[in-house]
Every structure is written in C-alpha cells, then in structure tokens.
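Undergrad: Pasting in a structure now, in structure tokens, and then I'll have a few things to ask.
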Amino acid sequence: MSPIISISGLSKTYATGFMALKTIDLGINRGEIFALLGPNGAGKTTLISIICGIANPSTGHVLVDGHDIQRDYRAARSLIGLVPQELHTDAFESVWGTVSFSRGLFGKPKNPAHIEKVLRDLSLWDKKDSKIVTLSGGMKRRVMIAKALSHEPQILFLDEPTAGVDVELRKGMWDVMRTLQASGVTIILTTHYIEEAEEMADRVGVINKGEIILVEEKAKLMQKLGRKRMKLHLGSPLTEVPTALSTYNLALADDGKELVYTYDTKSERTGITSLLADLRDAGIKFTDLETTQSSLEDIFVSLVRA
Ligand SMILES: Nc1ncnc2c1ncn2[C@@H]1O[C@H](COP(=O)(O)OP(=O)(O)OP(=O)(O)O)[C@@H](O)[C@H]1O
Ligand SMILES: [Mg+2]
C-alpha cells in the first residue's frame, strides 16, 4: 500500500543559518498511529510545520495523498488537521464559535451535528458556550483538537497533544484517537510522554538533532531491543557473585540482598533454567523472584544518549 504521506530528501535551514532538519526520508502509512519521539529541539515541530505548509522546506518534497504540499497546497492542506504545540485561539470567542469557524476556513458547509459530536467526544459539550479565555489549559488544548477535527480531516497531526492534560483526560483523549483511527484517520503525534507512544503507536520514529535515527513497528522495537531482568530476593545477602556463577550476566543490588540476572528476550535460550539449577547447587536460596521488561522509555533514552 502506498504511504499517505511521503517525505523525500527534506531538509530545513532556518534564516538564522541553523539546520533544523537534515535530509529526512519517511513514509507514513495510511491508517496508522505514528509517534514521533525526540528530545527538545530535535526538529519535530519543524517537520510537522513543513508537512502542514506552515514552513517551507529548504530542499526535498512532501506528498500528502499524492498532492505536493507546495504546488498543490490547498488540496494537501484540506486533508490535514493540525493541533499545534503552541496554543493560540481567539480568547473571547466561544468554544462552539471557534470550532465552527475553523470548519468554515476549509470551505466546508456547516455541519452542526459533526461539531456537536467532536465536542462531546472531547468532553467539551458543557463548555460549548464558554469563552476560550475562561477555560483551563487542558480544556484549551482539547479545543485545539476540536478545531483540528472540525473539517473532518483524513490525517491528524498532534504536536504534544496531552502536555498539561491530567491523567484521566489523557486517557479520554487516547480513546478519541483510537476512535478516529478506527474511522480511517491517520494520526501522527509527538509526545514527551513515552508511555503515550507505548500505549498508542503502531510505529515509532525517533528524531535527534534533525535526523530520523530510527523507524520501527513498536512491537518489533520492543522485542528487538527489549531486555528482561530477573530479580531474585536472596534469603541471606551475598558480598559478591560466586565464581561458580561467573558465566551468567549477574549483578548484586540492594547491598547484596538482590541478585539481578539480565538476559535477552530474543535469544533462543534465556539461561534461566540452568541458572536456577546452578543457584541451587551453589546453595543460594531466594525468597522471591520478579521479572521486568525494559520499556520503550529505556530504549529511547539509550538511543538519544548514544
Ligand atoms: N523560526 C526559527 N528560526 C530559527 N531556528 C528555529 C526556528 N524554529 C525552530 N528553530 C530551531 O530548530 C530546532 C528544532 O526546533 P523544533 O521546534 O522543531 O524542535 P522540537 O523537536 O519540536 O522540540 P520540542 O520538543 O521542544 O517541541 C531547534 O534548535 C530550534 O531552536
Ligand atoms: Mg516541538
């Protein structure tokens, strides 16, 4: 299947001479949720701004469902809803008014039933007559999402959609995203909450210093890079790992009260069975055992630090 967005040879050098993006090649699949992760200043907003036609690329091309974002701007842009990172709304307009107005900007006929549905989905219905200025930060962010959905876009960009949104509402927004995806909308989101990517994304892209350093299906990524740790709580503390067990990847923790075994989840043999047998032979008793899998966060931190 051809990607709904294809980015080729894209770079961006700002007027200051700063090169914010260095030759980006990336395809976004139709119907997927793609999470773009990267530290502050990595180039996420710059990339989104170019795809949405807010900033011009220095080199390269972007096609949105076959439409070149520069030559065929209106057609490309009408397919896209954008929730920008920076909140800017008409403070003295009502929620209903500002969301309806956004739809009009795209030349779509009025559709109050659609606007109502969007506001209800985003738990904003009871605020429909409130002026934006009277809303909390999290509510304003949801108004931005409602605006982005007002013209029924095929593609939704969410630049930090849940920054400053409380846990419960964030979960509600995830549900909204899932519903949109189920209706065929392609979603690209940036986030600093790695758990959000872990929860939502089909694929993850990592951008650092203007370069995409990794694009992978989330499940594969976690499998490939995932390492598991087994922690044994010892009956009596050890001062060092016994030499009989030196062939295992073992470390002591918590003043020798814990023995930690790190192993690769993708290898054929994890070594757990023989480790447990060797522990018994060495007379080491444990009172409890737990295993943990490294998270997307661990993976992300190790990639960006490298
Ligand atoms: N208009 C501009 N002129 C000059 N440099 C800019 C401009 N906009 C952004 N930059 C620089 O480009 C780089 C990428 O910025 P960008 O906003 O794309 O990062 P980001 O990944 O979205 O970061 P964050 O996570 O903080 O939102 C930064 O170094 C930033 O200072
Ligand atoms: Mg940004």
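Here's how to read the names in the structure tokens: chain A, B, ... by the order shown, residue numbers from 1 in each chain, ligand numbers from 1 in the order shown.
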Compile a residue-level contact table for chain A against ligand 1 at a cut-off of 6 Å, reporting for every qualifying residue the shortest atom pair and its distance in Å to one decimal, with only C-alpha atoms and all ligand atoms counted, rows ordered by chain and ascending number, as a Markdown table.
TA:
| residue | atom | partner | partner_atom_place_in_ligand_line | distance |
| --- | --- | --- | --- | --- |
| A:Tyr14 | CA | ligand 1 | 4 (C) | 4.9 |
| A:Thr16 | CA | ligand 1 | 4 (C) | 5.4 |
| A:Phe18 | CA | ligand 1 | 5 (N) | 6.0 |
| A:Ala20 | CA | ligand 1 | 12 (O) | 4.5 |
| A:Pro39 | CA | ligand 1 | 25 (O) | 5.4 |
| A:Asn40 | CA | ligand 1 | 26 (O) | 3.4 |
| A:Gly41 | CA | ligand 1 | 19 (O) | 3.4 |
| A:Ala42 | CA | ligand 1 | 21 (O) | 3.7 |
| A:Gly43 | CA | ligand 1 | 18 (O) | 3.2 |
| A:Lys44 | CA | ligand 1 | 21 (O) | 3.7 |
| A:Thr45 | CA | ligand 1 | 22 (O) | 3.7 |
| A:Thr46 | CA | ligand 1 | 18 (O) | 3.7 |
Undergrad: Keeping only N, CA and C atoms, take the residues you just selected and write them out as a PDB file, in the first residue's frame.
TA:
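After the write, again_10.pdb holds the following:
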ATOM      1  N   TYR A  14      16.960  27.226   8.801  1.00  0.00           N
ATOM      2  CA  TYR A  14      16.256  28.464   9.140  1.00  0.00           C
ATOM      3  C   TYR A  14      17.074  29.678   8.701  1.00  0.00           C
ATOM      4  N   THR A  16      18.327  31.875  10.314  1.00  0.00           N
ATOM      5  CA  THR A  16      19.491  32.080  11.181  1.00  0.00           C
ATOM      6  C   THR A  16      20.709  31.291  10.700  1.00  0.00           C
ATOM      7  N   PHE A  18      20.662  28.022  10.943  1.00  0.00           N
ATOM      8  CA  PHE A  18      20.611  26.770  11.697  1.00  0.00           C
ATOM      9  C   PHE A  18      19.896  25.694  10.898  1.00  0.00           C
ATOM     10  N   ALA A  20      17.832  22.728  10.940  1.00  0.00           N
ATOM     11  CA  ALA A  20      16.971  22.028  11.900  1.00  0.00           C
ATOM     12  C   ALA A  20      16.611  20.623  11.430  1.00  0.00           C
ATOM     13  N   PRO A  39      14.096  14.475  21.694  1.00  0.00           N
ATOM     14  CA  PRO A  39      14.280  15.462  22.761  1.00  0.00           C
ATOM     15  C   PRO A  39      13.922  16.879  22.301  1.00  0.00           C
ATOM     16  N   ASN A  40      13.872  17.811  23.197  1.00  0.00           N
ATOM     17  CA  ASN A  40      13.594  19.216  22.861  1.00  0.00           C
ATOM     18  C   ASN A  40      14.568  19.684  21.788  1.00  0.00           C
ATOM     19  N   GLY A  41      14.025  20.357  20.784  1.00  0.00           N
ATOM     20  CA  GLY A  41      14.879  20.919  19.735  1.00  0.00           C
ATOM     21  C   GLY A  41      15.292  19.930  18.666  1.00  0.00           C
ATOM     22  N   ALA A  42      14.747  18.710  18.691  1.00  0.00           N
ATOM     23  CA  ALA A  42      15.161  17.677  17.733  1.00  0.00           C
ATOM     24  C   ALA A  42      14.682  17.993  16.311  1.00  0.00           C
ATOM     25  N   GLY A  43      13.584  18.737  16.188  1.00  0.00           N
ATOM     26  CA  GLY A  43      13.064  19.068  14.858  1.00  0.00           C
ATOM     27  C   GLY A  43      11.655  18.573  14.589  1.00  0.00           C
ATOM     28  N   LYS A  44      10.978  18.092  15.627  1.00  0.00           N
ATOM     29  CA  LYS A  44       9.626  17.532  15.460  1.00  0.00           C
ATOM     30  C   LYS A  44       8.641  18.575  14.931  1.00  0.00           C
ATOM     31  N   THR A  45       8.590  19.721  15.617  1.00  0.00           N
ATOM     32  CA  THR A  45       7.636  20.760  15.208  1.00  0.00           C
ATOM     33  C   THR A  45       8.000  21.308  13.835  1.00  0.00           C
ATOM     34  N   THR A  46       9.279  21.428  13.569  1.00  0.00           N
ATOM     35  CA  THR A  46       9.723  21.903  12.249  1.00  0.00           C
ATOM     36  C   THR A  46       9.211  20.966  11.158  1.00  0.00           C
TER      37      THR A  46
END
Undergrad: From a backbone DSSP assignment, name each residue in range 142-218 of chain A labelled helix (DSSP H, G or I), as JSON, numbers by chain.
TA: {"A": [142, 143, 144, 145, 146, 147, 148, 149, 167, 168, 169, 170, 171, 172, 173, 174, 175, 176, 177, 178, 179, 180, 181, 182, 194, 195, 196, 197, 198, 199, 200, 218]}
Undergrad: Based on the selection just made, write N, CA and C atoms of those residues as a CSV table (one decimal), in the first residue's frame.
TA:
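Here's the written file result04.csv:
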chain,number,residue,atom,x,y,z
A,142,ARG,N,-7.9,20.8,24.4
A,142,ARG,CA,-8.9,20.0,23.8
A,142,ARG,C,-9.7,20.8,22.8
A,143,VAL,N,-9.8,22.1,23.0
A,143,VAL,CA,-10.5,23.0,22.0
A,143,VAL,C,-9.6,23.0,20.7
A,144,MET,N,-8.3,23.0,20.9
A,144,MET,CA,-7.4,22.9,19.7
A,144,MET,C,-7.7,21.6,18.9
A,145,ILE,N,-7.9,20.6,19.6
A,145,ILE,CA,-8.1,19.3,18.9
A,145,ILE,C,-9.4,19.3,18.2
A,146,ALA,N,-10.4,19.9,18.9
A,146,ALA,CA,-11.8,20.0,18.3
A,146,ALA,C,-11.7,20.9,17.0
A,147,LYS,N,-10.9,22.0,17.0
A,147,LYS,CA,-10.7,22.8,15.8
A,147,LYS,C,-10.1,22.0,14.7
A,148,ALA,N,-9.1,21.2,15.1
A,148,ALA,CA,-8.4,20.4,14.1
A,148,ALA,C,-9.3,19.4,13.4
A,149,LEU,N,-10.3,18.9,14.2
A,149,LEU,CA,-11.2,17.9,13.6
A,149,LEU,C,-12.4,18.5,13.0
A,167,VAL,N,-4.3,13.0,34.0
A,167,VAL,CA,-4.2,11.5,33.6
A,167,VAL,C,-5.5,11.0,33.0
A,168,GLU,N,-6.6,11.4,33.7
A,168,GLU,CA,-7.9,10.8,33.3
A,168,GLU,C,-8.3,11.4,31.9
A,169,LEU,N,-8.1,12.7,31.7
A,169,LEU,CA,-8.5,13.3,30.5
A,169,LEU,C,-7.5,12.7,29.3
A,170,ARG,N,-6.3,12.5,29.7
A,170,ARG,CA,-5.3,12.0,28.7
A,170,ARG,C,-5.9,10.6,28.2
A,171,LYS,N,-6.3,9.8,29.1
A,171,LYS,CA,-6.9,8.5,28.7
A,171,LYS,C,-8.1,8.7,27.8
A,172,GLY,N,-8.9,9.7,28.2
A,172,GLY,CA,-10.0,10.0,27.3
A,172,GLY,C,-9.6,10.4,25.9
A,173,MET,N,-8.5,11.2,25.8
A,173,MET,CA,-8.0,11.6,24.5
A,173,MET,C,-7.5,10.4,23.7
A,174,TRP,N,-6.8,9.5,24.5
A,174,TRP,CA,-6.4,8.3,23.8
A,174,TRP,C,-7.6,7.5,23.1
A,175,ASP,N,-8.7,7.5,23.9
A,175,ASP,CA,-9.9,6.8,23.3
A,175,ASP,C,-10.3,7.6,22.1
A,176,VAL,N,-10.3,8.9,22.1
A,176,VAL,CA,-10.7,9.7,20.9
A,176,VAL,C,-9.8,9.3,19.7
A,177,MET,N,-8.5,9.2,20.0
A,177,MET,CA,-7.6,8.9,18.9
A,177,MET,C,-7.9,7.5,18.4
A,178,ARG,N,-8.1,6.6,19.3
A,178,ARG,CA,-8.5,5.2,18.8
A,178,ARG,C,-9.7,5.2,17.9
A,179,THR,N,-10.7,6.0,18.4
A,179,THR,CA,-12.0,6.0,17.6
A,179,THR,C,-11.7,6.6,16.2
A,180,LEU,N,-10.9,7.7,16.2
A,180,LEU,CA,-10.6,8.3,14.9
A,180,LEU,C,-9.8,7.3,14.0
A,181,GLN,N,-8.9,6.6,14.6
A,181,GLN,CA,-8.1,5.6,13.8
A,181,GLN,C,-9.1,4.6,13.2
A,182,ALA,N,-10.0,4.1,14.1
A,182,ALA,CA,-11.0,3.1,13.6
A,182,ALA,C,-11.8,3.6,12.5
A,194,ILE,N,6.6,9.0,27.0
A,194,ILE,CA,6.9,7.8,26.3
A,194,ILE,C,5.8,6.8,26.4
A,195,GLU,N,5.2,6.8,27.6
A,195,GLU,CA,4.1,5.8,27.8
A,195,GLU,C,3.0,6.0,26.9
A,196,GLU,N,2.8,7.3,26.4
A,196,GLU,CA,1.8,7.6,25.4
A,196,GLU,C,2.1,6.9,24.1
A,197,ALA,N,3.3,6.9,23.7
A,197,ALA,CA,3.7,6.2,22.5
A,197,ALA,C,3.6,4.7,22.6
A,198,GLU,N,4.0,4.3,23.8
A,198,GLU,CA,3.9,2.8,24.1
A,198,GLU,C,2.5,2.4,24.0
A,199,GLU,N,1.6,3.2,24.5
A,199,GLU,CA,0.2,2.9,24.6
A,199,GLU,C,-0.5,3.0,23.2
A,200,MET,N,-0.1,4.0,22.4
A,200,MET,CA,-0.9,4.4,21.3
A,200,MET,C,-0.3,3.9,19.9
A,218,LYS,N,6.3,-0.6,16.7
A,218,LYS,CA,6.5,-0.5,18.1
A,218,LYS,C,6.8,-1.9,18.7
Undergrad: Excluding range 256-272 of chain A and residues on its chain fewer than 3 positions from it, collect all residues at most 7 Å away from it, counting only C-alpha atoms, and give them as a list of chain:residue names.
TA: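 The filter keeps A:Gln223, A:Lys224, A:Gly226, A:Arg227, A:Lys228, A:Arg229, A:Met230, A:Lys231, A:Leu232, A:His233, A:Leu234, A:Ser236, A:Pro237, A:Leu238, A:Thr239, A:Asn249, A:Leu250, A:Ala251, A:Leu252, A:Ala253, A:Leu275, A:Leu276.
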Undergrad: Please produce a file of those selected residues containing N, CA, C and O atoms, as an mmCIF file, in the first residue's frame.
TA:
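Output contents, as saved in again18.cif:
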data_model
loop_
_atom_site.group_PDB
_atom_site.id
_atom_site.type_symbol
_atom_site.label_atom_id
_atom_site.label_comp_id
_atom_site.auth_asym_id
_atom_site.auth_seq_id
_atom_site.Cartn_x
_atom_site.Cartn_y
_atom_site.Cartn_z
ATOM 1 N N GLN A 223 10.539 -5.751 21.080
ATOM 2 C CA GLN A 223 11.029 -7.126 21.090
ATOM 3 C C GLN A 223 12.535 -7.157 20.794
ATOM 4 O O GLN A 223 13.295 -7.840 21.446
ATOM 5 N N LYS A 224 12.903 -6.353 19.795
ATOM 6 C CA LYS A 224 14.299 -6.371 19.335
ATOM 7 C C LYS A 224 15.244 -5.815 20.384
ATOM 8 O O LYS A 224 16.294 -6.363 20.649
ATOM 9 N N GLY A 226 14.317 -5.141 23.476
ATOM 10 C CA GLY A 226 13.886 -5.434 24.837
ATOM 11 C C GLY A 226 14.792 -6.420 25.546
ATOM 12 O O GLY A 226 15.098 -7.484 25.029
ATOM 13 N N ARG A 227 15.207 -6.058 26.714
ATOM 14 C CA ARG A 227 15.938 -6.990 27.553
ATOM 15 C C ARG A 227 15.125 -7.178 28.821
ATOM 16 O O ARG A 227 14.458 -6.263 29.277
ATOM 17 N N LYS A 228 15.208 -8.365 29.307
ATOM 18 C CA LYS A 228 14.452 -8.645 30.520
ATOM 19 C C LYS A 228 15.399 -8.789 31.696
ATOM 20 O O LYS A 228 16.539 -9.221 31.536
ATOM 21 N N ARG A 229 14.907 -8.451 32.840
ATOM 22 C CA ARG A 229 15.693 -8.640 34.053
ATOM 23 C C ARG A 229 14.915 -9.502 35.020
ATOM 24 O O ARG A 229 13.714 -9.330 35.181
ATOM 25 N N MET A 230 15.636 -10.438 35.604
ATOM 26 C CA MET A 230 15.024 -11.263 36.632
ATOM 27 C C MET A 230 15.716 -10.913 37.945
ATOM 28 O O MET A 230 16.949 -10.945 38.028
ATOM 29 N N LYS A 231 14.946 -10.543 38.908
ATOM 30 C CA LYS A 231 15.494 -10.135 40.196
ATOM 31 C C LYS A 231 15.164 -11.195 41.233
ATOM 32 O O LYS A 231 13.999 -11.571 41.392
ATOM 33 N N LEU A 232 16.199 -11.708 41.892
ATOM 34 C CA LEU A 232 15.981 -12.701 42.940
ATOM 35 C C LEU A 232 16.248 -12.052 44.298
ATOM 36 O O LEU A 232 17.318 -11.469 44.502
ATOM 37 N N HIS A 233 15.289 -12.119 45.176
ATOM 38 C CA HIS A 233 15.488 -11.601 46.538
ATOM 39 C C HIS A 233 16.089 -12.734 47.363
ATOM 40 O O HIS A 233 15.466 -13.784 47.519
ATOM 41 N N LEU A 234 17.313 -12.503 47.836
ATOM 42 C CA LEU A 234 18.065 -13.592 48.465
ATOM 43 C C LEU A 234 17.690 -13.795 49.925
ATOM 44 O O LEU A 234 17.363 -12.832 50.637
ATOM 45 N N SER A 236 19.814 -14.840 52.260
ATOM 46 C CA SER A 236 20.856 -14.125 53.008
ATOM 47 C C SER A 236 21.753 -13.395 52.007
ATOM 48 O O SER A 236 22.081 -13.948 50.947
ATOM 49 N N PRO A 237 22.129 -12.160 52.334
ATOM 50 C CA PRO A 237 22.863 -11.323 51.377
ATOM 51 C C PRO A 237 24.209 -11.921 50.973
ATOM 52 O O PRO A 237 24.830 -12.674 51.736
ATOM 53 N N LEU A 238 24.673 -11.582 49.786
ATOM 54 C CA LEU A 238 25.979 -12.006 49.290
ATOM 55 C C LEU A 238 26.898 -10.784 49.219
ATOM 56 O O LEU A 238 26.423 -9.659 49.026
ATOM 57 N N THR A 239 28.186 -11.013 49.356
ATOM 58 C CA THR A 239 29.117 -9.889 49.203
ATOM 59 C C THR A 239 29.613 -9.794 47.769
ATOM 60 O O THR A 239 30.000 -8.739 47.299
ATOM 61 N N ASN A 249 25.244 -13.397 33.322
ATOM 62 C CA ASN A 249 25.256 -11.937 33.401
ATOM 63 C C ASN A 249 24.524 -11.494 34.679
ATOM 64 O O ASN A 249 23.370 -11.115 34.649
ATOM 65 N N LEU A 250 25.276 -11.598 35.786
ATOM 66 C CA LEU A 250 24.648 -11.360 37.092
ATOM 67 C C LEU A 250 25.239 -10.129 37.770
ATOM 68 O O LEU A 250 26.408 -9.798 37.569
ATOM 69 N N ALA A 251 24.423 -9.484 38.557
ATOM 70 C CA ALA A 251 24.922 -8.365 39.355
ATOM 71 C C ALA A 251 24.188 -8.366 40.687
ATOM 72 O O ALA A 251 23.058 -8.837 40.783
ATOM 73 N N LEU A 252 24.857 -7.861 41.706
ATOM 74 C CA LEU A 252 24.215 -7.734 43.013
ATOM 75 C C LEU A 252 23.630 -6.340 43.160
ATOM 76 O O LEU A 252 24.171 -5.380 42.628
ATOM 77 N N ALA A 253 22.522 -6.256 43.864
ATOM 78 C CA ALA A 253 21.901 -4.958 44.109
ATOM 79 C C ALA A 253 21.367 -4.930 45.534
ATOM 80 O O ALA A 253 21.304 -5.983 46.194
ATOM 81 N N LEU A 275 20.473 -21.484 35.244
ATOM 82 C CA LEU A 275 20.851 -20.576 36.329
ATOM 83 C C LEU A 275 20.211 -21.024 37.647
ATOM 84 O O LEU A 275 20.881 -21.106 38.678
ATOM 85 N N LEU A 276 18.925 -21.355 37.574
ATOM 86 C CA LEU A 276 18.239 -21.758 38.807
ATOM 87 C C LEU A 276 18.841 -23.049 39.367
ATOM 88 O O LEU A 276 19.011 -23.200 40.585
#
Undergrad: Please return as JSON, numbers by chain: the residues of range 1-204 of chain A that backbone DSSP assigns to strand (DSSP E).
TA: {"A": [5, 6, 7, 8, 9, 10, 11, 12, 13, 19, 20, 21, 22, 23, 24, 25, 26, 27, 28, 33, 34, 35, 36, 37, 59, 60, 61, 62, 63, 64, 67, 68, 80, 81, 82, 83, 155, 156, 157, 158, 159, 186, 187, 188, 189, 190, 203, 204]}
Undergrad: Leaving out range 29-35 of chain A and any residue of its chain fewer than 3 positions from it, which residues lie within 6 Å of it when counting only C-alpha atoms, given as a list in words?
TA: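 Close residues of range 29-35 of chain A: Pro3, Ile4, Gly184, Val185, Thr186, Ile187, Ile188, Leu189, Thr190, Ala197, Ala201, Asp202, Arg203 and Val204 of chain A.
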Undergrad: Dump all heavy atoms for the selected residues as a compact mmCIF listing (two decimals), in the first residue's frame?
TA:
# COMPACT_ATOMS: atom_id res chain seq x y z
N PRO A 3 2.17 4.91 0.86
CA PRO A 3 2.01 5.71 2.08
C PRO A 3 1.09 6.91 1.84
O PRO A 3 1.03 7.43 0.73
CB PRO A 3 3.43 6.15 2.41
CG PRO A 3 4.21 5.99 1.17
CD PRO A 3 3.54 4.94 0.35
N ILE A 4 0.40 7.35 2.86
CA ILE A 4 -0.48 8.51 2.71
C ILE A 4 0.34 9.80 2.73
O ILE A 4 -0.04 10.79 2.12
CB ILE A 4 -1.60 8.52 3.77
CG1 ILE A 4 -2.67 9.56 3.42
CG2 ILE A 4 -1.08 8.75 5.18
CD1 ILE A 4 -4.00 9.36 4.11
N GLY A 184 -10.64 5.43 10.17
CA GLY A 184 -9.78 5.53 9.00
C GLY A 184 -8.80 6.70 9.00
O GLY A 184 -8.04 6.88 8.06
N VAL A 185 -8.80 7.47 10.08
CA VAL A 185 -7.89 8.63 10.14
C VAL A 185 -6.47 8.18 10.48
O VAL A 185 -6.27 7.31 11.31
CB VAL A 185 -8.41 9.66 11.18
CG1 VAL A 185 -7.44 10.82 11.35
CG2 VAL A 185 -9.80 10.16 10.80
N THR A 186 -5.51 8.76 9.78
CA THR A 186 -4.09 8.52 10.05
C THR A 186 -3.64 9.56 11.08
O THR A 186 -3.97 10.74 10.95
CB THR A 186 -3.27 8.70 8.76
OG1 THR A 186 -3.81 7.85 7.76
CG2 THR A 186 -1.80 8.40 8.99
N ILE A 187 -2.93 9.11 12.09
CA ILE A 187 -2.56 10.02 13.18
C ILE A 187 -1.04 10.04 13.37
O ILE A 187 -0.40 9.00 13.47
CB ILE A 187 -3.25 9.61 14.50
CG1 ILE A 187 -4.78 9.70 14.33
CG2 ILE A 187 -2.78 10.48 15.67
CD1 ILE A 187 -5.58 9.19 15.50
N ILE A 188 -0.52 11.25 13.41
CA ILE A 188 0.91 11.43 13.70
C ILE A 188 0.99 12.28 14.95
O ILE A 188 0.45 13.38 14.99
CB ILE A 188 1.66 12.14 12.55
CG1 ILE A 188 1.59 11.31 11.27
CG2 ILE A 188 3.13 12.38 12.91
CD1 ILE A 188 0.57 11.77 10.30
N LEU A 189 1.63 11.76 15.98
CA LEU A 189 1.70 12.54 17.20
C LEU A 189 3.13 12.64 17.71
O LEU A 189 3.93 11.72 17.51
CB LEU A 189 0.79 11.96 18.28
CG LEU A 189 1.14 10.65 18.94
CD1 LEU A 189 1.60 10.87 20.37
CD2 LEU A 189 -0.05 9.74 18.97
N THR A 190 3.43 13.77 18.31
CA THR A 190 4.70 13.89 19.02
C THR A 190 4.35 13.90 20.50
O THR A 190 3.28 14.34 20.89
CB THR A 190 5.45 15.20 18.71
OG1 THR A 190 4.79 16.27 19.37
CG2 THR A 190 5.50 15.48 17.22
N ALA A 197 3.33 6.94 23.69
CA ALA A 197 3.73 6.25 22.46
C ALA A 197 3.58 4.73 22.64
O ALA A 197 3.10 4.02 21.76
CB ALA A 197 5.17 6.59 22.10
N ALA A 201 0.99 3.97 19.79
CA ALA A 201 1.58 3.94 18.45
C ALA A 201 1.59 2.57 17.81
O ALA A 201 1.78 1.55 18.47
CB ALA A 201 3.01 4.48 18.52
N ASP A 202 1.38 2.55 16.49
CA ASP A 202 1.66 1.35 15.71
C ASP A 202 3.15 1.33 15.33
O ASP A 202 3.79 0.31 15.35
CB ASP A 202 0.82 1.34 14.43
CG ASP A 202 -0.67 1.33 14.74
OD1 ASP A 202 -1.09 0.44 15.49
OD2 ASP A 202 -1.39 2.20 14.24
N ARG A 203 3.64 2.53 14.97
CA ARG A 203 5.07 2.65 14.67
C ARG A 203 5.64 3.84 15.42
O ARG A 203 4.93 4.79 15.72
CB ARG A 203 5.30 2.86 13.16
CG ARG A 203 5.14 1.56 12.37
CD ARG A 203 5.79 1.69 11.00
NE ARG A 203 5.29 2.84 10.28
CZ ARG A 203 5.97 3.45 9.32
NH1 ARG A 203 7.18 3.03 8.99
NH2 ARG A 203 5.44 4.48 8.70
N VAL A 204 6.93 3.75 15.66
CA VAL A 204 7.61 4.80 16.40
C VAL A 204 8.78 5.29 15.54
O VAL A 204 9.49 4.50 14.94
CB VAL A 204 8.17 4.25 17.74
CG1 VAL A 204 9.04 5.28 18.43
CG2 VAL A 204 7.02 3.81 18.65
Undergrad: If I take CA of Asp65 in chain A and CA of Leu158 in chain A, how far is one from the other in Å, to one decimal?
TA: 18.4 Å
Undergrad: With distances taken over only C-alpha atoms and all ligand atoms, which residue among A:Asp159, A:Glu93, A:Asp166, A:Glu116 lies nearest ligand 2?
TA: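 Of the candidates, the smallest distance to ligand 2 is held by A:Asp159.
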Undergrad: For Gly235 in chain A, work out the shell of residues within 6 Å, counting only C-alpha atoms and skipping chain neighbours fewer than 3 positions away, then give it as a list in words.
TA: Lys285, Phe286 and Thr287 of chain A
Undergrad: With C-alpha atoms retained, export the selected residues as an mmCIF file, in the first residue's frame.
TA:
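So the final result, stored in out.cif, reads:
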data_model
loop_
_atom_site.group_PDB
_atom_site.id
_atom_site.type_symbol
_atom_site.label_atom_id
_atom_site.label_comp_id
_atom_site.auth_asym_id
_atom_site.auth_seq_id
_atom_site.Cartn_x
_atom_site.Cartn_y
_atom_site.Cartn_z
ATOM 1 C CA LYS A 285 18.375 -19.604 48.396
ATOM 2 C CA PHE A 286 15.950 -16.917 47.354
ATOM 3 C CA THR A 287 12.671 -15.829 48.884
#
Undergrad: From the list A:Ala76, A:Glu86, A:Val99, A:Gly283, which residue is nearest ligand 2 when using only C-alpha atoms and all ligand atoms?
TA: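 When distances to ligand 2 are compared using only C-alpha atoms and all ligand atoms, the smallest one comes from A:Glu86.
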Undergrad: Taking into account only C-alpha atoms and all ligand atoms, which residue in the set A:Trp96, A:Pro109, A:Leu124, A:His192 is nearest to ligand 2?
TA: A:His192
Undergrad: Between CA of Ile7 in chain A and CA of Ile51 in chain A, what is the distance in Å, rounded to a tenth?
TA: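 Taking CA of Ile7 in chain A and CA of Ile51 in chain A, their separation equals 8.5 Å.
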Undergrad: Which one of A:Ser100, A:Thr162, A:Ser78, A:Gln85 sits closest to ligand 2 if you count only C-alpha atoms and all ligand atoms?
TA: A:Gln85
